[in-house]
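Only one structure is covered here, and it is reproduced in the block below.
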Amino acid sequence: MRFIVILLFLPLLTTASAPQETKPFKRVEVAYSFSPMVTYRWLTKNSFGPNSFDAAMQKEIMRGRNKREVEQFGFITGARARVNVVKYFAIESGVEYYLHRYMYKGDLFYLTTFNGSALDTVGTYKANYLYNYHYLKIPVAFTFTAGKGKFRAVFSFGTGLDVFLKLTQTTKSVMNGVKKTMTETSSEPFVKFNLTPFAGIGFEYAITGSMKIRVLPFAQMQALKNIDAPITERLWGGGVNLSFSYGFIDVKNRE
């Protein structure tokens with residue numbers, strides 16, 4: 001009888017005493033990413049007395065801008081390195097180029113002349129102003145993954161260390177049916193360094209043990225104002241980070 005009991009429990013005893021299966025993961029991954037995104041801004045203002053002329057002017061200018069300015073498409077692209085501390089947690093950083101845009105849509109103006117007794121319309125003019133903010137971005141991200149198999153959920157958060165490069169303004173005008181486009185660089189004293197926190201949640205797919213693709217919807221917003229002026233902005237946007245990575249250096253992972 002004792003022998004039969006031992007035979008029945010032998011599989012359980014051997015399973016419990018056997019070492020757990022180990023699966024490798026890559027310690028370091030190099031990734032290229034491209035992130036199309038919708039970009040806009042949040043207007044803020046310096047504080048003046050509620051009855052002052054400056055406060056009244058601020059309110060009117062901000063009302064006009066919020067009425068006329070609209071979102072545009074921008075993007076972030078560049079290379080990152082991921083260090084997988086453990087299989088489910090990684091630290092990422094790299095160097096990226098970041099283009100943030102929005103547009104001011106102008107009114108249609110009628111060009112007139114005085115004929116001696118009345119005003120005659122001699123033409124029309126309309127212009128839109130596209131503002132292009134160019135940044136060098138150094139992202140610092142903390143990324144968690146969950147799940148087993150080829151598909152895994154991904155959660156990432158961190159901040160971008162953004163270095164302002166330049167602001168270009170593209171004016172697209174139409175005068176009497178004739179279109180004209182002109183781009184010039186602004187000389188406004190924009191803040192040279194900003195922090196842009198971000199967070200995203202998505203998934204990744206392992207093509208092979210070394211190659212992965214990732215799809216990560218995200219949102220971000222500047223933590224600091226971008227110019228020291230009566231009316232300033234915090235740039236924000238949201239999009240989808242698309243990346244392809246290749247991993248190096250096998251590490252045994254106990255599951």
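Identifiers in this document derive from the order of the structure tokens: chains are assigned A, B, ..., residues are numbered from 1 separately in each chain, and ligands are numbered from 1 in order of occurrence.
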
Distance table requested - stretch 134-200 of chain A against stretch 74-84 of chain A, cut-off 10 Å, only C-alpha atoms: one row per qualifying residue with the closest atom pair and its distance in Å to one decimal, ordered by chain and rising residue number, as a tab-separated table.
```
residue	atom	partner	partner_atom	distance
A:Tyr135	CA	A:Ile76	CA	9.4
A:Leu136	CA	A:Ile76	CA	9.6
A:Lys137	CA	A:Ile76	CA	8.5
A:Ile138	CA	A:Arg80	CA	9.2
A:Pro139	CA	A:Arg80	CA	8.3
A:Val140	CA	A:Arg80	CA	9.6
A:Ala141	CA	A:Arg82	CA	9.1
A:Phe142	CA	A:Arg82	CA	9.5
A:Thr143	CA	A:Asn84	CA	9.1
A:Phe144	CA	A:Asn84	CA	9.7
```

Only C-alpha atoms, please: the residues just picked out, written as a PDB file, in the first residue's frame.
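Output saved as out.pdb:
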```pdb
ATOM      1  CA  TYR A 135      12.892  70.566 -31.237  1.00  0.00           C
ATOM      2  CA  LEU A 136      15.672  68.108 -30.481  1.00  0.00           C
ATOM      3  CA  LYS A 137      14.149  65.602 -28.058  1.00  0.00           C
ATOM      4  CA  ILE A 138      15.952  63.324 -25.602  1.00  0.00           C
ATOM      5  CA  PRO A 139      13.292  60.951 -24.220  1.00  0.00           C
ATOM      6  CA  VAL A 140      13.665  59.181 -20.879  1.00  0.00           C
ATOM      7  CA  ALA A 141      11.032  56.451 -20.556  1.00  0.00           C
ATOM      8  CA  PHE A 142      10.148  53.691 -18.098  1.00  0.00           C
ATOM      9  CA  THR A 143       8.344  50.825 -19.809  1.00  0.00           C
ATOM     10  CA  PHE A 144       6.436  47.872 -18.376  1.00  0.00           C
TER      11      PHE A 144
END
```

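If you count only C-alpha atoms and ignore residues fewer than 4 places along the chain from A:Phe198, what sits within 7 Å of it is Phe157, Gly158, Thr159, Phe218, Ala219, Gln220 and Met221 of chain A.
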
Output all heavy atoms for every residue in that selection, as an mmCIF file, in the first residue's frame.
```cif
data_model
loop_
_atom_site.group_PDB
_atom_site.id
_atom_site.type_symbol
_atom_site.label_atom_id
_atom_site.label_comp_id
_atom_site.auth_asym_id
_atom_site.auth_seq_id
_atom_site.Cartn_x
_atom_site.Cartn_y
_atom_site.Cartn_z
ATOM 1 N N PHE A 157 5.814 55.484 -19.596
ATOM 2 C CA PHE A 157 5.688 56.878 -19.186
ATOM 3 C C PHE A 157 7.087 57.455 -18.977
ATOM 4 O O PHE A 157 8.069 56.719 -18.815
ATOM 5 C CB PHE A 157 4.855 57.010 -17.902
ATOM 6 C CG PHE A 157 5.555 56.483 -16.671
ATOM 7 C CD1 PHE A 157 6.272 57.336 -15.847
ATOM 8 C CD2 PHE A 157 5.502 55.129 -16.345
ATOM 9 C CE1 PHE A 157 6.917 56.857 -14.718
ATOM 10 C CE2 PHE A 157 6.140 54.642 -15.222
ATOM 11 C CZ PHE A 157 6.855 55.509 -14.405
ATOM 12 N N GLY A 158 7.162 58.778 -18.991
ATOM 13 C CA GLY A 158 8.456 59.429 -18.804
ATOM 14 C C GLY A 158 8.360 60.883 -19.189
ATOM 15 O O GLY A 158 7.289 61.504 -19.114
ATOM 16 N N THR A 159 9.471 61.442 -19.636
ATOM 17 C CA THR A 159 9.492 62.844 -20.052
ATOM 18 C C THR A 159 10.473 63.027 -21.187
ATOM 19 O O THR A 159 11.439 62.264 -21.318
ATOM 20 C CB THR A 159 9.860 63.772 -18.873
ATOM 21 O OG1 THR A 159 9.661 65.138 -19.266
ATOM 22 C CG2 THR A 159 11.315 63.578 -18.465
ATOM 23 N N PHE A 218 -0.207 57.475 -27.383
ATOM 24 C CA PHE A 218 0.340 58.244 -26.268
ATOM 25 C C PHE A 218 -0.175 59.672 -26.313
ATOM 26 O O PHE A 218 -0.731 60.142 -27.322
ATOM 27 C CB PHE A 218 1.882 58.257 -26.332
ATOM 28 C CG PHE A 218 2.428 59.094 -27.460
ATOM 29 C CD1 PHE A 218 2.839 60.407 -27.240
ATOM 30 C CD2 PHE A 218 2.513 58.583 -28.743
ATOM 31 C CE1 PHE A 218 3.320 61.183 -28.283
ATOM 32 C CE2 PHE A 218 2.996 59.351 -29.789
ATOM 33 C CZ PHE A 218 3.405 60.657 -29.562
ATOM 34 N N ALA A 219 0.030 60.392 -25.202
ATOM 35 C CA ALA A 219 -0.279 61.816 -25.102
ATOM 36 C C ALA A 219 0.858 62.497 -24.350
ATOM 37 O O ALA A 219 1.529 61.877 -23.517
ATOM 38 C CB ALA A 219 -1.609 62.043 -24.388
ATOM 39 N N GLN A 220 1.088 63.785 -24.646
ATOM 40 C CA GLN A 220 2.163 64.520 -23.992
ATOM 41 C C GLN A 220 1.814 66.003 -23.906
ATOM 42 O O GLN A 220 0.957 66.496 -24.644
ATOM 43 C CB GLN A 220 3.470 64.362 -24.767
ATOM 44 C CG GLN A 220 3.462 64.977 -26.149
ATOM 45 C CD GLN A 220 4.807 64.873 -26.843
ATOM 46 O OE1 GLN A 220 5.499 63.864 -26.749
ATOM 47 N NE2 GLN A 220 5.190 65.921 -27.558
ATOM 48 N N MET A 221 2.486 66.706 -22.980
ATOM 49 C CA MET A 221 2.261 68.140 -22.816
ATOM 50 C C MET A 221 3.462 68.772 -22.120
ATOM 51 O O MET A 221 4.033 68.183 -21.195
ATOM 52 C CB MET A 221 0.996 68.407 -21.990
ATOM 53 C CG MET A 221 0.655 69.870 -21.840
ATOM 54 S SD MET A 221 -0.949 70.086 -21.025
ATOM 55 C CE MET A 221 -1.083 71.877 -21.032
#
```

Which residues of stretch 68-133 of chain A come within 12 Å of stretch 20-43 of chain A, and for each one, what is the closest pair of atoms and their distance in Å to one decimal, counting only C-alpha atoms, sorted by chain and residue number, as JSON lines?
```
{"residue": "A:Glu69", "atom": "CA", "partner": "A:Tyr40", "partner_atom": "CA", "distance": 8.7}
{"residue": "A:Val70", "atom": "CA", "partner": "A:Tyr40", "partner_atom": "CA", "distance": 7.2}
{"residue": "A:Glu71", "atom": "CA", "partner": "A:Tyr40", "partner_atom": "CA", "distance": 5.0}
{"residue": "A:Gln72", "atom": "CA", "partner": "A:Thr39", "partner_atom": "CA", "distance": 5.5}
{"residue": "A:Phe73", "atom": "CA", "partner": "A:Val38", "partner_atom": "CA", "distance": 4.7}
{"residue": "A:Gly74", "atom": "CA", "partner": "A:Met37", "partner_atom": "CA", "distance": 5.4}
{"residue": "A:Phe75", "atom": "CA", "partner": "A:Pro36", "partner_atom": "CA", "distance": 4.5}
{"residue": "A:Ile76", "atom": "CA", "partner": "A:Ser35", "partner_atom": "CA", "distance": 5.0}
{"residue": "A:Thr77", "atom": "CA", "partner": "A:Phe34", "partner_atom": "CA", "distance": 4.4}
{"residue": "A:Gly78", "atom": "CA", "partner": "A:Ser33", "partner_atom": "CA", "distance": 5.8}
{"residue": "A:Ala79", "atom": "CA", "partner": "A:Tyr32", "partner_atom": "CA", "distance": 4.5}
{"residue": "A:Arg80", "atom": "CA", "partner": "A:Ala31", "partner_atom": "CA", "distance": 5.1}
{"residue": "A:Ala81", "atom": "CA", "partner": "A:Val30", "partner_atom": "CA", "distance": 4.6}
{"residue": "A:Arg82", "atom": "CA", "partner": "A:Glu29", "partner_atom": "CA", "distance": 5.0}
{"residue": "A:Val83", "atom": "CA", "partner": "A:Val28", "partner_atom": "CA", "distance": 4.7}
{"residue": "A:Asn84", "atom": "CA", "partner": "A:Arg27", "partner_atom": "CA", "distance": 5.0}
{"residue": "A:Val85", "atom": "CA", "partner": "A:Arg27", "partner_atom": "CA", "distance": 7.1}
{"residue": "A:Val86", "atom": "CA", "partner": "A:Arg27", "partner_atom": "CA", "distance": 8.0}
{"residue": "A:Lys87", "atom": "CA", "partner": "A:Phe25", "partner_atom": "CA", "distance": 6.5}
{"residue": "A:Tyr88", "atom": "CA", "partner": "A:Phe25", "partner_atom": "CA", "distance": 9.9}
{"residue": "A:Phe89", "atom": "CA", "partner": "A:Arg27", "partner_atom": "CA", "distance": 10.6}
{"residue": "A:Ala90", "atom": "CA", "partner": "A:Arg27", "partner_atom": "CA", "distance": 9.0}
{"residue": "A:Ile91", "atom": "CA", "partner": "A:Val28", "partner_atom": "CA", "distance": 9.9}
{"residue": "A:Glu92", "atom": "CA", "partner": "A:Glu29", "partner_atom": "CA", "distance": 9.2}
{"residue": "A:Ser93", "atom": "CA", "partner": "A:Val30", "partner_atom": "CA", "distance": 10.0}
{"residue": "A:Gly94", "atom": "CA", "partner": "A:Ala31", "partner_atom": "CA", "distance": 9.1}
{"residue": "A:Val95", "atom": "CA", "partner": "A:Tyr32", "partner_atom": "CA", "distance": 10.2}
{"residue": "A:Glu96", "atom": "CA", "partner": "A:Ser33", "partner_atom": "CA", "distance": 8.9}
{"residue": "A:Tyr97", "atom": "CA", "partner": "A:Phe34", "partner_atom": "CA", "distance": 9.8}
{"residue": "A:Tyr98", "atom": "CA", "partner": "A:Ser35", "partner_atom": "CA", "distance": 9.3}
{"residue": "A:Leu99", "atom": "CA", "partner": "A:Thr39", "partner_atom": "CA", "distance": 9.0}
{"residue": "A:His100", "atom": "CA", "partner": "A:Thr39", "partner_atom": "CA", "distance": 5.9}
{"residue": "A:Arg101", "atom": "CA", "partner": "A:Thr39", "partner_atom": "CA", "distance": 5.9}
{"residue": "A:Tyr102", "atom": "CA", "partner": "A:Tyr40", "partner_atom": "CA", "distance": 5.5}
{"residue": "A:Met103", "atom": "CA", "partner": "A:Tyr40", "partner_atom": "CA", "distance": 8.7}
{"residue": "A:Tyr104", "atom": "CA", "partner": "A:Tyr40", "partner_atom": "CA", "distance": 11.1}
{"residue": "A:Leu130", "atom": "CA", "partner": "A:Tyr40", "partner_atom": "CA", "distance": 11.5}
{"residue": "A:Tyr131", "atom": "CA", "partner": "A:Tyr40", "partner_atom": "CA", "distance": 10.2}
{"residue": "A:Asn132", "atom": "CA", "partner": "A:Thr39", "partner_atom": "CA", "distance": 10.3}
{"residue": "A:Tyr133", "atom": "CA", "partner": "A:Thr39", "partner_atom": "CA", "distance": 10.4}
```

Next item on the list: Can you work out which one of A:Met62, A:Ile207, A:Ala127, A:Leu242 has the shortest atom-to-atom distance to A:Ser173, counting only C-alpha atoms?
Entry: A:Ala127

Item checked: Test item, helix (DSSP H, G or I) assignment across stretch 25-117 of chain A, answer as an MDAnalysis selection string -> chainID A and resid 53:68

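For the choices A:Thr145, A:Ser245, A:Thr44, A:Thr168, the atom-to-atom distance to A:Arg63 is smallest for A:Thr44 when using only C-alpha atoms.
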
Check: Closest to A:Thr170 among A:Thr185, A:Arg234, A:Thr124, A:Thr208, using only C-alpha atoms?
Finding: A:Thr185

Notebook entry, point to check: atom CA of A:Arg152 and atom CA of A:Gly209 are how many Å apart?
Noted result: 13.4 Å

Next item on the list: Please measure the separation of atom CA of A:Val240 and atom CA of A:Gly200, giving the value in Å to one decimal.
Entry: 8.7 Å

Notebook entry, point to check: Can you list, as JSON, numbers by chain, every residue of stretch 87-201 of chain A that DSSP puts in strand (DSSP E or B)?
Noted result: {"A": [89, 90, 91, 92, 93, 94, 95, 96, 97, 98, 99, 100, 101, 102, 103, 104, 105, 109, 110, 111, 112, 113, 114, 119, 120, 121, 122, 123, 124, 125, 126, 127, 128, 129, 130, 131, 132, 133, 134, 135, 136, 137, 138, 139, 140, 141, 142, 143, 144, 145, 146, 151, 152, 153, 154, 155, 156, 157, 158, 159, 160, 161, 162, 163, 164, 165, 166, 167, 168, 169, 170, 171, 172, 173, 174, 175, 178, 179, 180, 181, 182, 183, 184, 185, 190, 193, 194, 195, 196, 197, 198, 199, 200, 201]}

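Of the listed residues (A:Phe248, A:Leu108, A:Val191, A:Met211), A:Leu108 comes nearest to A:Gly123; the distances count only C-alpha atoms.
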
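Closest to A:Phe151 among A:Asn66, A:Val215, A:Glu204, A:Phe109 is A:Glu204, based on only C-alpha atoms.
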
Next item on the list: Could you please determine the separation between atom CA of A:Lys105 and atom CA of A:Thr181 in Å, to one decimal place?
Entry: 14.3 Å

Next item on the list: Compare A:Lys212, A:Thr183, A:Gly149, A:Tyr129 by their minimum atom-to-atom distance to A:Arg65, counting only C-alpha atoms, and give me the closest one.
Entry: A:Tyr129
